Amino acid sequence: MKSFFRFLGALVGLLVLGFIGLLVFGTVTDWKPEPEIQGTALSGEARRDTPVDSTLRVAIWNIGYGGLGARMDFFMDGGKYVQAPEEWQNEHLAGILSTTASKLKSADFILLQEVDRDAKRSYGIDQAESLAGQLPDHEGVFASNFKVRFIPVPFDPFPFVRPMGRVHGGLASYSRYPASSAVRHDFPGAYGWPTRIYHLDRCFLAQRFAAPGGAELVVVNTHNSAYDDGSLKAEEMRALKAFAEGEYQKGNYVLVGGDWNQCPPDFDPKTFKKSESAYDQQNIPGDYLPGWIWAYDPGTPTNRKVAAPYNADSTFTTVIDFFLLSPNIEALNTRGVDLDFAYSDHQPVLLDLRLR
């Protein structure tokens with residue numbers, strides 16, 4: 001009996017040491033980006049000089065790293081899956097690439113979120129470059145927002161059996177026009193230690209393009225926080241507001257698009273599935289930027305919840321992917337691309353706009 005307890009004590013001690021070792025490793029290797037970093041260039045070459053045409057098209061899409069198609073759920077939302085089976089992952093990515101080539105390629109600017117470059121969850125495929133291959137007439141740039149050597153969760157059913165492992169993903173923006181600069185801006189705020197060493201380092205990616213009259217068109221790709229109590233979003237929104245207002249006051253055109261992880265002002269989060277009232281989805285305050293334009297398609301959901309596989313009759317869906325335009329930009333037409341969430345837990349949105 002004493003031998004058994006000694007063995008049990010040794011086992012517990014090893015587990016404790018292993019846990020401490022993981023925390024030490026995560027802390028030492030924790031990526032701490034500077035407030036501003038130049039984006040990483042991708043393959044592809046812009047074919048036009050400057051956006052002289054008054055009418056432009058923009059596309060946004062959170063591709064969910066090709067791992068969150070209609071058959072998938074996700075453990076952080078109450079599901080069971082950590083990683084899609086490789087066959088499903090390949091099908092999702094093929095669908096994302098096909099959709100990009102057929103439905104998004106006409107856009108002058110394509111702003112994508114949750115694009116992996118080297119991650120266990122997406123089988124090490126460089127999705128940013130795979131997408132660039134579908135857009136040879138677009139200049140591509142990448143900004144990391146999730147760069148962790150090893151994520152040890154989830155622990156169930158037994159410790160370290162099926163952790164997320166390494167992740168390197170972020171924002172990818174593609175444009176028909178050459179950008180004079182492309183800068184990753186770090187969002188303020190973070191989770192406390194040790195949670196922060198395994199979470200995303202949220203950011204927005206701002207590209208600058210020459211515009212008529214000597215002004216600049218500033219195109220911002222954003223992906224705001226999820227899984228927080230609202231305090232991180234509030235800090236991010238204040239930083240984004242300060243940046244956008246500052247650029248507009250300089251006489252520039254400002255376009256922000258992406259996954260806000262919150263609904264536009266005055267949009268009912270339960271528009272599509274009112275019966276699931278338990279889900280609490282925040283709205284952006286109506287007085288966030290008076291005079292600015294929120295552009296979204298109120299008739300097409302852009303996000304579905306991933307506690308379970310997608311079911312068109314019961315899954316909660318809403319709109320959290322949309323655009324914000326400065327007052328000197330006119331929104332002509334905004335339309336969601338309904339893919340029935342086949343390849344991602346988000347759906348693309350297209351916007352036609354005019355520079356005034």
# chains A, B, ... in the order shown; residues from 1 in each chain; ligands from 1
call {"tool": "residues_around", "arguments": {"residues": "A:Gln262", "least_positions_apart": "2", "cutoff": "12 Å", "atoms": "only C-alpha atoms", "output": "PyMOL selection string"}}
result
chain A and resi 223-230+233-234+237+258-260+264-269+280-285+302-303+318-322
call {"tool": "closest_atom_pairs", "arguments": {"of": "stretch 188-247 of chain A", "to": "stretch 123-147 of chain A", "cutoff": "10 Å", "atoms": "only C-alpha atoms", "output": "Markdown table"}}
result
| residue | atom | partner | partner_atom | distance |
| --- | --- | --- | --- | --- |
| A:Ile197 | CA | A:Lys147 | CA | 9.5 |
| A:Tyr198 | CA | A:Lys147 | CA | 8.6 |
| A:His199 | CA | A:Phe146 | CA | 7.1 |
| A:Leu200 | CA | A:Phe146 | CA | 4.5 |
| A:Asp201 | CA | A:Asn145 | CA | 4.9 |
| A:Arg202 | CA | A:Asn145 | CA | 5.4 |
| A:Cys203 | CA | A:Asn145 | CA | 6.3 |
| A:Phe204 | CA | A:Ala143 | CA | 8.2 |
| A:Leu205 | CA | A:Ala143 | CA | 6.6 |
| A:Ala206 | CA | A:Ala143 | CA | 9.8 |
| A:Gln207 | CA | A:Val141 | CA | 9.1 |
| A:Asn221 | CA | A:Ala143 | CA | 9.7 |
| A:His223 | CA | A:Asn145 | CA | 9.0 |
call {"tool": "select_by_dssp", "arguments": {"residues": "stretch 84-310 of chain A", "states": "strand (DSSP E)", "output": "PyMOL selection string"}}
result
chain A and resi 109-116+139-151+165-175+181-186+203-210+216-223+253-259+293-295+303-304
call {"tool": "atom_distance", "arguments": {"atom1": "atom CA of A:Gly64", "atom2": "atom CA of A:Arg354"}}
result
29.6 Å
call {"tool": "residues_around", "arguments": {"residues": "A:Gly95", "least_positions_apart": "2", "cutoff": "10 Å", "atoms": "only C-alpha atoms", "output": "JSON, numbers by chain"}}
result
{"A": [66, 69, 89, 90, 91, 92, 93, 97, 98, 99, 100, 101, 339, 342, 343, 344]}
call {"tool": "write_last_selection", "arguments": {"atoms": "C-alpha atoms", "output": "tab-separated table (two decimals), in the first residue's frame"}}
result
chain	number	residue	atom	x	y	z
A	66	GLY	CA	-10.65	26.53	-42.54
A	69	GLY	CA	-17.30	24.45	-41.44
A	89	GLN	CA	-10.19	20.75	-43.14
A	90	ASN	CA	-9.11	20.18	-46.74
A	91	GLU	CA	-12.71	20.43	-47.97
A	92	HIS	CA	-13.22	23.69	-46.06
A	93	LEU	CA	-10.05	25.26	-47.41
A	97	LEU	CA	-10.26	29.20	-52.08
A	98	SER	CA	-12.98	28.51	-54.64
A	99	THR	CA	-15.28	31.14	-53.13
A	100	THR	CA	-12.46	33.68	-53.08
A	101	ALA	CA	-11.71	33.04	-56.74
A	339	LEU	CA	-22.86	29.96	-48.21
A	342	ALA	CA	-20.38	25.44	-45.37
A	343	TYR	CA	-16.71	26.41	-44.96
A	344	SER	CA	-16.53	28.75	-41.98
call {"tool": "residues_around", "arguments": {"residues": "A:Ser175", "least_positions_apart": "2", "cutoff": "10 Å", "atoms": "only C-alpha atoms", "output": "PyMOL selection string"}}
result
chain A and resi 44-48+58+105+107-111+135+137-141+173+177-179+207+209+219
call {"tool": "select_by_dssp", "arguments": {"residues": "stretch 79-233 of chain A", "states": "alpha helix (DSSP H)", "output": "PyMOL selection string"}}
result
chain A and resi 86-99+127-134+231-233
call {"tool": "write_last_selection", "arguments": {"atoms": "C-alpha atoms", "output": "PDB file, in the first residue's frame"}}
result
ATOM      1  CA  GLU A  86      -7.983  16.546 -41.976  1.00  0.00           C
ATOM      2  CA  GLU A  87     -10.463  15.520 -44.673  1.00  0.00           C
ATOM      3  CA  TRP A  88     -12.942  18.152 -43.476  1.00  0.00           C
ATOM      4  CA  GLN A  89     -10.190  20.752 -43.145  1.00  0.00           C
ATOM      5  CA  ASN A  90      -9.109  20.180 -46.744  1.00  0.00           C
ATOM      6  CA  GLU A  91     -12.707  20.432 -47.967  1.00  0.00           C
ATOM      7  CA  HIS A  92     -13.225  23.695 -46.059  1.00  0.00           C
ATOM      8  CA  LEU A  93     -10.050  25.259 -47.410  1.00  0.00           C
ATOM      9  CA  ALA A  94     -10.871  24.162 -50.972  1.00  0.00           C
ATOM     10  CA  GLY A  95     -14.285  25.817 -50.604  1.00  0.00           C
ATOM     11  CA  ILE A  96     -12.727  28.997 -49.199  1.00  0.00           C
ATOM     12  CA  LEU A  97     -10.260  29.201 -52.083  1.00  0.00           C
ATOM     13  CA  SER A  98     -12.978  28.514 -54.641  1.00  0.00           C
ATOM     14  CA  THR A  99     -15.285  31.145 -53.134  1.00  0.00           C
ATOM     15  CA  GLN A 127      -3.391  29.741 -45.956  1.00  0.00           C
ATOM     16  CA  ALA A 128      -2.308  33.352 -46.550  1.00  0.00           C
ATOM     17  CA  GLU A 129      -0.156  32.256 -49.490  1.00  0.00           C
ATOM     18  CA  SER A 130      -2.782  29.773 -50.719  1.00  0.00           C
ATOM     19  CA  LEU A 131      -5.260  32.658 -50.910  1.00  0.00           C
ATOM     20  CA  ALA A 132      -2.672  34.862 -52.620  1.00  0.00           C
ATOM     21  CA  GLY A 133      -2.458  32.180 -55.288  1.00  0.00           C
ATOM     22  CA  GLN A 134      -6.134  32.781 -56.081  1.00  0.00           C
ATOM     23  CA  SER A 231     -14.006  45.436 -21.205  1.00  0.00           C
ATOM     24  CA  LEU A 232     -11.420  44.419 -23.824  1.00  0.00           C
ATOM     25  CA  LYS A 233     -13.793  45.330 -26.657  1.00  0.00           C
TER      26      LYS A 233
END
